[in-house]
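For reference, start.txt (compact mmCIF, C-alpha atoms):
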```txt
# COMPACT_ATOMS: atom_id res chain seq x y z
CA MET A 1 66.37 161.79 150.88
CA GLY A 2 62.71 162.00 149.92
CA LEU A 3 63.26 165.36 148.27
CA PHE A 4 66.23 163.96 146.30
CA ASN A 5 64.13 161.01 145.06
CA PHE A 6 61.35 163.37 144.07
CA ALA A 7 63.77 165.51 142.09
CA LYS A 8 65.34 162.44 140.51
CA ASN A 9 61.96 161.13 139.43
CA GLN A 10 61.21 164.42 137.78
CA PHE A 11 64.26 164.12 135.56
CA ILE A 12 64.08 160.55 134.26
CA ASP A 13 64.70 161.26 130.61
CA VAL A 14 66.22 158.04 129.23
CA ILE A 15 64.14 154.92 128.71
CA GLU A 16 65.99 151.87 127.46
CA TRP A 17 66.55 148.15 128.09
CA LEU A 18 69.84 146.34 127.76
CA ASP A 19 69.15 142.60 127.77
CA ASP A 20 71.99 140.47 129.14
CA SER A 21 69.91 137.30 129.33
CA GLN A 22 69.24 134.72 126.64
CA ASP A 23 65.64 133.90 127.42
CA THR A 24 63.81 137.08 128.50
CA MET A 25 60.87 137.84 126.26
CA VAL A 26 59.19 140.77 128.08
CA TYR A 27 60.64 143.42 130.41
CA ARG A 28 58.64 146.20 132.11
CA PHE A 29 60.49 149.47 132.58
CA PRO A 30 60.41 150.40 136.30
CA VAL A 31 57.53 152.78 136.98
CA ASN A 32 57.06 152.52 140.73
CA GLN A 33 56.68 156.17 141.74
CA GLN A 34 58.59 157.19 138.66
CA GLU A 35 57.42 159.85 136.33
CA ILE A 36 58.55 160.02 132.74
CA LYS A 37 59.49 163.50 131.65
CA MET A 38 57.85 164.90 128.56
CA GLY A 39 60.63 165.11 125.97
CA ALA A 40 62.50 162.10 127.37
CA GLN A 41 64.47 159.87 125.01
CA LEU A 42 63.17 156.40 124.25
CA THR A 43 65.75 153.99 122.79
CA VAL A 44 64.43 150.82 121.19
CA ARG A 45 67.20 148.59 119.86
CA GLU A 46 67.18 146.11 117.06
CA SER A 47 65.35 142.91 118.06
CA GLN A 48 63.17 144.97 120.43
CA ALA A 49 59.76 146.61 120.47
CA ALA A 50 58.26 148.94 123.10
CA VAL A 51 54.61 149.33 124.12
CA PHE A 52 53.22 152.19 126.23
CA ILE A 53 50.33 151.30 128.56
CA ASN A 54 48.07 154.00 129.96
CA GLU A 55 45.45 153.17 132.58
CA GLY A 56 45.51 149.51 131.56
CA LYS A 57 45.18 150.16 127.82
CA ALA A 58 47.82 149.80 125.16
CA ALA A 59 48.51 153.30 123.85
CA ASP A 60 51.49 153.44 121.49
CA THR A 61 53.90 150.88 120.01
CA PHE A 62 57.47 151.63 118.90
CA GLY A 63 59.88 149.65 116.74
CA PRO A 64 63.70 149.95 116.71
CA GLY A 65 64.93 153.58 116.82
CA LEU A 66 65.43 156.67 118.98
CA TYR A 67 62.31 158.65 119.90
CA THR A 68 61.68 161.91 121.71
CA LEU A 69 58.51 161.59 123.75
CA SER A 70 56.29 164.39 122.52
CA THR A 71 52.78 164.91 121.26
CA GLN A 72 54.06 164.05 117.81
CA ASN A 73 55.41 160.65 118.83
CA LEU A 74 52.70 159.91 121.40
CA PRO A 75 49.46 160.76 119.56
CA ILE A 76 47.31 158.15 121.28
CA LEU A 77 48.75 158.78 124.75
CA THR A 78 48.33 162.53 124.27
CA THR A 79 44.67 162.03 123.39
CA LEU A 80 44.08 159.78 126.39
CA ARG A 81 45.65 162.21 128.86
CA SER A 82 44.57 165.75 129.53
CA TRP A 83 47.66 167.56 130.69
CA PRO A 84 47.14 171.00 132.20
CA TYR A 85 50.84 171.79 132.06
CA GLY A 86 51.36 172.41 128.37
CA PHE A 87 52.84 168.95 127.84
CA ASN A 88 55.91 169.87 129.85
CA SER A 89 55.00 168.10 133.05
CA PRO A 90 56.11 164.51 133.73
CA PHE A 91 53.58 161.79 133.07
CA LYS A 92 53.16 158.28 134.38
CA ALA A 93 52.84 155.34 132.06
CA GLU A 94 53.95 151.73 131.92
CA VAL A 95 56.51 150.87 129.28
CA TYR A 96 57.00 147.24 128.21
CA PHE A 97 59.97 146.14 126.15
CA TYR A 98 59.48 143.03 123.99
CA ASN A 99 62.35 140.88 122.79
CA ILE A 100 61.56 139.97 119.18
CA LYS A 101 64.77 138.09 118.44
CA GLN A 102 64.63 134.43 117.43
CA PHE A 103 64.77 131.91 120.27
CA THR A 104 66.65 128.95 118.83
CA ASP A 105 67.39 125.34 119.80
CA GLN A 106 64.12 124.85 121.66
CA LYS A 107 63.65 121.14 122.29
CA TRP A 108 60.41 119.21 122.03
CA GLY A 109 59.62 115.55 122.66
CA THR A 110 56.83 113.13 123.50
CA GLU A 111 56.39 112.47 127.20
CA ASN A 112 53.99 109.64 126.39
CA PRO A 113 53.96 107.43 123.26
CA ILE A 114 51.81 108.43 120.31
CA MET A 115 49.28 105.73 119.36
CA LEU A 116 49.04 105.25 115.59
CA ARG A 117 47.62 102.61 113.26
CA ASP A 118 50.12 101.24 110.73
CA ALA A 119 49.10 99.28 107.65
CA ASP A 120 52.00 96.81 108.02
CA LEU A 121 52.49 96.49 111.77
CA GLY A 122 49.05 97.33 113.17
CA ILE A 123 48.75 99.54 116.26
CA LEU A 124 52.06 101.20 117.17
CA ARG A 125 53.30 103.37 120.02
CA LEU A 126 55.76 105.92 118.63
CA ARG A 127 58.04 108.39 120.37
CA ALA A 128 59.49 111.45 118.68
CA PHE A 129 61.71 114.41 119.50
CA GLY A 130 63.39 117.33 117.77
CA ILE A 131 64.03 121.09 117.94
CA TYR A 132 62.27 124.28 116.86
CA SER A 133 62.84 128.06 116.91
CA PHE A 134 60.37 130.96 117.15
CA HIS A 135 60.16 134.70 117.78
CA LEU A 136 57.63 137.16 119.18
CA ASN A 137 55.80 138.54 116.16
CA ASP A 138 52.92 140.59 117.58
CA PRO A 139 53.64 142.21 121.00
CA LEU A 140 50.06 143.38 121.56
CA VAL A 141 48.58 139.91 120.97
CA PHE A 142 51.24 138.34 123.19
CA LEU A 143 50.53 141.00 125.86
CA ARG A 144 46.80 140.29 125.86
CA LYS A 145 46.96 136.48 125.71
CA ILE A 146 50.20 135.41 127.41
CA SER A 147 52.45 137.86 129.30
CA GLY A 148 49.83 140.24 130.75
CA THR A 149 51.23 142.58 133.40
CA ASN A 150 54.22 140.44 134.34
CA GLY A 151 57.25 142.61 135.04
CA GLU A 152 59.46 140.00 133.39
CA PHE A 153 58.46 137.04 131.25
CA ASN A 154 60.89 134.29 130.18
CA VAL A 155 60.81 131.60 127.52
CA ASP A 156 60.22 128.95 130.19
CA GLY A 157 56.81 130.50 130.82
CA ILE A 158 55.55 129.52 127.35
CA THR A 159 57.58 126.45 126.25
CA GLY A 160 55.36 123.99 128.12
CA GLN A 161 52.31 125.14 126.20
CA LEU A 162 54.22 125.23 122.92
CA LYS A 163 55.45 121.65 123.35
CA ARG A 164 51.91 120.41 123.93
CA MET A 165 50.74 122.27 120.85
CA ILE A 166 53.53 120.63 118.84
CA ILE A 167 52.74 117.09 120.03
CA SER A 168 49.02 117.56 119.38
CA GLY A 169 49.61 118.95 115.89
CA LEU A 170 52.24 116.34 114.99
CA THR A 171 50.04 113.45 116.16
CA ASP A 172 47.18 114.71 114.04
CA LEU A 173 49.50 115.19 111.05
CA LEU A 174 50.98 111.67 111.25
CA GLY A 175 47.48 110.24 111.38
CA GLU A 176 46.54 112.18 108.25
CA LEU A 177 49.67 111.30 106.27
CA LYS A 178 49.45 107.54 107.03
CA ILE A 179 53.11 106.99 106.22
CA PRO A 180 54.19 103.35 106.91
CA ALA A 181 56.44 102.99 109.94
CA PHE A 182 59.25 101.58 107.78
CA ASP A 183 59.18 104.75 105.63
CA LEU A 184 59.10 107.39 108.39
CA ALA A 185 62.88 107.88 108.48
CA ALA A 186 62.92 108.58 104.75
CA ASN A 187 60.31 111.34 105.14
CA TYR A 188 61.60 113.40 108.08
CA ASP A 189 62.10 116.52 105.93
CA GLU A 190 58.66 116.27 104.35
CA ILE A 191 56.96 115.66 107.71
CA SER A 192 58.88 118.55 109.29
CA GLU A 193 57.83 120.93 106.51
CA LYS A 194 54.15 120.01 106.74
CA ALA A 195 54.27 120.21 110.55
CA HIS A 196 55.89 123.68 110.27
CA GLN A 197 53.03 124.93 108.12
CA LYS A 198 50.38 123.41 110.37
CA LEU A 199 51.88 124.61 113.67
CA ASP A 200 52.73 128.14 112.49
CA VAL A 201 49.02 128.94 112.44
CA LYS A 202 48.66 127.93 116.10
CA PHE A 203 51.76 129.93 117.06
CA GLY A 204 50.32 132.99 115.31
CA GLU A 205 47.25 132.88 117.56
CA LEU A 206 49.58 133.64 120.49
CA GLY A 207 51.45 136.47 118.77
CA LEU A 208 54.39 134.19 117.90
CA GLN A 209 55.89 132.96 114.65
CA LEU A 210 57.39 129.50 114.19
CA ASP A 211 60.66 130.04 112.30
CA ALA A 212 61.92 126.43 112.05
CA PHE A 213 60.78 122.96 113.00
CA TYR A 214 62.84 119.78 112.79
CA ILE A 215 62.20 116.13 113.57
CA GLU A 216 65.37 114.46 114.79
CA ASN A 217 63.99 110.99 115.43
CA ILE A 218 60.79 108.95 115.48
CA SER A 219 61.44 105.74 117.40
CA LEU A 220 59.45 102.51 117.39
CA PRO A 221 58.75 100.33 120.46
CA LYS A 222 61.67 98.24 121.67
CA GLU A 223 59.99 94.99 120.63
CA VAL A 224 59.46 96.22 117.08
CA GLU A 225 63.03 97.51 116.88
CA ASN A 226 64.31 94.08 117.94
CA MET A 227 62.30 92.44 115.15
CA LEU A 228 63.66 94.96 112.66
CA ASP A 229 67.17 94.16 113.85
CA LYS A 230 66.56 90.46 113.16
CA ARG A 231 65.18 91.30 109.76
CA THR A 232 68.27 93.36 109.05
CA GLU A 233 70.49 90.49 110.15
CA MET A 234 68.71 88.15 107.74
CA GLY A 235 69.28 90.67 104.99
CA LEU A 236 72.98 90.73 105.83
CA VAL A 237 73.12 86.92 105.91
CA GLY A 238 71.83 86.68 102.34
CA ASN A 239 72.26 83.02 101.30
CA VAL A 240 70.98 80.89 104.19
CA SER A 241 72.86 77.78 103.00
CA GLN A 242 76.17 79.62 103.01
CA TYR A 243 75.40 81.05 106.44
CA ALA A 244 74.69 77.52 107.74
CA GLN A 245 78.04 76.38 106.35
CA PHE A 246 79.74 79.28 108.09
CA GLN A 247 78.03 78.48 111.40
CA ALA A 248 78.96 74.80 111.08
CA ALA A 249 82.60 75.68 110.43
CA ASN A 250 82.67 77.96 113.49
CA SER A 251 81.20 75.24 115.70
CA ILE A 252 83.97 72.71 114.92
CA PRO A 253 86.65 74.31 117.19
CA ASP A 254 84.15 74.59 120.07
CA ALA A 255 83.09 70.96 119.70
CA ALA A 256 86.72 69.84 119.54
CA LYS A 257 87.39 71.46 122.94
CA ASN A 258 84.93 69.12 124.64
CA ALA A 259 86.15 65.90 126.25
CA GLY A 260 86.45 63.23 123.58
CA GLY A 261 86.50 65.72 120.70
CA LEU A 262 83.62 65.77 118.26
CA ALA A 263 82.40 62.31 119.23
CA GLY A 264 82.49 63.21 122.92
CA ALA A 265 80.50 66.40 122.42
CA GLY A 266 77.47 64.61 123.73
CA ILE A 267 76.62 61.11 122.54
CA GLY A 268 79.72 59.08 121.71
CA LEU A 269 81.36 57.64 118.66
CA GLY A 270 78.12 56.85 116.82
CA ALA A 271 76.97 60.45 117.23
CA GLY A 272 80.35 61.57 115.90
CA ALA A 273 79.75 59.60 112.72
CA VAL A 274 76.31 61.18 112.35
CA MET A 275 77.85 64.63 112.87
CA GLY A 276 80.44 63.90 110.24
CA SER A 277 77.73 62.99 107.76
CA ALA A 278 75.83 66.15 108.67
CA PHE A 279 78.95 68.29 108.14
CA TYR A 280 79.52 66.61 104.77
CA GLN A 281 75.98 67.29 103.66
CA THR A 282 76.14 70.87 104.93
CA PHE A 283 79.29 71.73 103.00
CA ALA A 284 78.28 69.87 99.84
CA GLN A 285 77.35 72.23 97.05
CA PRO A 286 73.94 71.93 95.40
CA GLY A 287 74.19 69.66 92.36
CA ASP A 288 77.29 67.89 93.67
CA SER A 289 77.01 64.25 92.45
CA LYS A 290 79.06 63.00 95.37
CA ALA A 291 76.80 64.75 97.82
CA ALA A 292 73.76 63.31 96.10
CA PHE A 293 75.33 59.84 96.24
CA ALA A 294 76.08 60.28 99.95
CA GLN A 295 72.51 61.31 100.68
CA GLN A 296 70.83 58.70 98.45
CA PRO A 297 72.92 55.51 97.91
CA VAL A 298 72.26 53.97 94.51
CA THR A 299 71.00 50.38 94.55
CA PRO A 300 71.83 48.48 91.32
CA ALA A 301 68.65 47.74 89.38
CA ALA A 302 70.39 45.48 86.81
CA VAL A 303 73.60 43.48 86.26
CA CYS A 304 75.79 43.59 83.16
CA PRO A 305 75.75 40.08 81.56
CA GLU A 306 79.35 40.52 80.37
CA CYS A 307 81.26 41.73 83.44
CA GLY A 308 78.64 41.46 86.19
CA ALA A 309 78.86 45.18 87.18
CA GLY A 310 75.78 46.71 88.76
CA MET A 311 73.82 49.16 86.65
CA GLU A 312 70.98 51.58 87.18
CA GLY A 313 67.61 50.64 85.74
CA GLY A 314 67.20 51.66 82.10
CA SER A 315 70.92 51.61 81.29
CA LYS A 316 71.61 50.61 77.67
CA PHE A 317 75.39 50.32 78.13
CA CYS A 318 77.50 48.96 80.98
CA PRO A 319 79.25 51.85 82.81
CA LYS A 320 82.28 49.58 83.43
CA CYS A 321 82.92 47.62 80.20
CA GLY A 322 80.79 49.66 77.81
CA LYS A 323 79.07 46.61 76.35
CA PRO A 324 75.48 47.15 75.12
CA VAL A 325 72.99 45.39 77.35
CA ASN A 326 69.33 44.51 77.07
CA GLN A 327 66.92 45.85 79.64
CA MET A 328 66.56 43.22 82.35
CA VAL A 329 63.28 42.62 84.18
CA LYS A 330 62.33 41.39 87.62
CA CYS A 331 60.85 37.99 88.41
CA MET A 332 57.12 38.31 89.04
CA LYS A 333 57.44 36.15 92.15
CA CYS A 334 60.84 36.58 93.84
CA GLY A 335 62.10 39.79 92.19
CA ALA A 336 65.31 38.31 90.79
CA MET A 337 66.74 40.07 87.72
CA LEU A 338 65.95 38.17 84.47
CA GLN A 339 66.91 38.55 80.85
CA PRO A 340 64.13 39.94 78.68
CA GLY A 341 61.94 37.16 77.26
CA SER A 342 62.67 34.64 80.07
CA LYS A 343 59.75 32.24 80.57
CA PHE A 344 60.89 30.87 83.95
CA CYS A 345 62.87 32.36 86.83
CA PRO A 346 66.23 30.63 87.39
CA GLU A 347 65.97 31.42 91.11
CA CYS A 348 62.47 30.27 92.08
CA GLY A 349 61.30 28.52 88.88
CA ALA A 350 58.15 30.61 88.65
CA ALA A 351 56.62 30.94 85.19
CA GLN A 352 56.95 34.48 83.78
CA THR A 353 53.65 34.63 81.88
CA THR A 354 52.17 38.00 81.29
CA GLN A 355 48.64 36.76 82.01
CA ARG A 356 47.39 34.45 84.76
CA THR A 357 44.02 33.13 85.82
CA CYS A 358 42.63 32.35 89.27
CA ALA A 359 42.58 28.63 89.98
CA GLN A 360 39.29 28.97 91.93
CA CYS A 361 37.10 31.27 89.82
CA GLY A 362 39.09 31.46 86.57
CA ILE A 363 39.15 35.28 86.44
CA GLU A 364 42.11 36.86 84.63
CA LEU A 365 44.73 38.24 87.04
CA LYS A 366 47.42 40.84 86.76
CA ALA A 367 51.03 39.67 86.75
CA GLU A 368 51.81 41.11 90.16
CA ALA A 369 48.57 39.92 91.90
CA LYS A 370 49.04 37.74 95.00
CA PHE A 371 45.34 37.27 95.78
CA CYS A 372 42.30 37.03 93.50
CA PRO A 373 40.28 40.25 93.58
CA GLN A 374 37.10 38.24 92.84
CA CYS A 375 37.14 35.32 95.29
CA GLY A 376 40.13 36.22 97.48
CA ALA A 377 41.96 32.94 96.79
CA LYS A 378 45.76 33.05 97.13
CA VAL A 379 47.53 33.01 93.79
CA GLU A 380 50.20 30.28 93.55
```
Kindly present the structure from the file in structure tokens form.
Amino acid sequence: MGLFNFAKNQFIDVIEWLDDSQDTMVYRFPVNQQEIKMGAQLTVRESQAAVFINEGKAADTFGPGLYTLSTQNLPILTTLRSWPYGFNSPFKAEVYFYNIKQFTDQKWGTENPIMLRDADLGILRLRAFGIYSFHLNDPLVFLRKISGTNGEFNVDGITGQLKRMIISGLTDLLGELKIPAFDLAANYDEISEKAHQKLDVKFGELGLQLDAFYIENISLPKEVENMLDKRTEMGLVGNVSQYAQFQAANSIPDAAKNAGGLAGAGIGLGAGAVMGSAFYQTFAQPGDSKAAFAQQPVTPAAVCPECGAGMEGGSKFCPKCGKPVNQMVKCMKCGAMLQPGSKFCPECGAAQTTQRTCAQCGIELKAEAKFCPQCGAKVE
């Protein structure tokens, strides 16, 4: 059995890697007690690259194609080794295959909220998530900095570090852009593009290239979202007066279901009358003369001398009979309505002089004065 294995090792002449997985980035060709025959065939497929390692040093790198291992195709390895067998003897070397295809639909997200200062809302805690895609761009850099001598390296081995790089870069970018929280959703594409440019440099330091970066959502704290929802509702309501009318109309059936109907909704018949007045005022349109009359009852300021109808102060014609009327005045003592030019009040008999004097000190008094401003005597 040992002799068979020895003979088999001497005739390994095909080096290739068929990747059936979806996330393998690096695969080391088995070299445990295996010797690669000089003249063997190396097959590197599209989306692959191969690196030969000799005594811990990277020797030769191959892109997609079919290669015959010879001094022509292995110039560096030939220089490193001194073969006493005319380059026909097997040689030992490590061969690493690198998957350079694009790894898509990689998810990123904030484990902890991002603290940012917003001009409108102050300090905010934001959460964000999205997707990105990348590929292995420089196998030698990736070998030296990330994969090392691992026999197999998967995407899971690097995604944790990439996500932290993304969150750090995105946080710094949002702080630089200073986009208001209300405008973030309208700038997802612009933010994604700037983040792509910023993060691609960091990916390149690891031998990777960032192919695409997308922000799917940037969410605000729950409390802020609730306030935005209320603000949106107010925008949908539009005219507050009309909304109040709508709410009042919807409340009528519920109030009617209570014992005693509207009046029995809480405080009896008197309350029902007050509610009725409130409903009337609610549904009255602005500028409605009836509504204005209901809210502010008009007290007659004058009486028509022809028909006796009440009139508002300053009326020149009776609203009932249309007769022209003179402006009536109030009695200076009792307030009864008098015809212009009346010298005495027919109600209280008080003289209607425009000027009066104090009986005690003789100072001139105003018509409406009840006490003398000089001596304080009561004016009769």
### Message
So, with all atoms listed in the file as the atoms that count, which of A:Phe134, A:Trp17, A:Trp108, A:Phe182 lies closest to Ile215 (chain A)?
### Response
A:Trp108
### Task
Give me, please, the distance in Å between CA of Met38 (chain A) and CA of Asp19 (chain A), quoted to one decimal.
25.0 Å
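The interatomic distance for the pair CA of Ile36 (chain A) and CA of Leu18 (chain A) works out to 18.4 Å.
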### Pick from A:Glu111, A:Ser219, A:Tyr132, A:Asp118 nearest to Ile167 (chain A), counting all atoms listed in the file
A:Glu111
### Counting all atoms listed in the file, the option among A:Glu205, A:Asp172, A:Asp20, A:Glu225 closest to Leu124 (chain A)
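Between A:Glu205, A:Asp172, A:Asp20, A:Glu225, the residue approaching Leu124 (chain A) most closely is A:Glu225.
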### Message
Rounded to one decimal, what separation in Å do you get between CA of Gly207 (chain A) and CA of Tyr98 (chain A)?
### Response
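One can read the CA of Gly207 (chain A) to CA of Tyr98 (chain A) distance as 11.6 Å.
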### Task
Tell me which of A:Leu228, A:Val155, A:Glu216, A:Asp60 sits closest to Ile131 (chain A), counting all atoms listed in the file.
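Among the listed residues, the smallest separation from Ile131 (chain A) belongs to A:Glu216.
With all atoms listed in the file as the atoms that count, the minimum distance from Leu170 (chain A) to the choices A:Lys107, A:Lys230, A:Lys145, A:Lys194 is reached by A:Lys194.
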### Task
Using all atoms listed in the file, find all polymer residues with an atom at most 12 Å away from the point (57.7, 114.5, 104.3); report them as a ChimeraX atom specification.
/A:173-174,177-180,183-196,214-215
### Query
Between A:His135, A:Arg125, A:Arg231, A:Lys198, which one has atoms that come closest to Ile166 (chain A), using all atoms listed in the file?
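Residue with the minimum atom-to-atom distance to Ile166 (chain A): A:Lys198.
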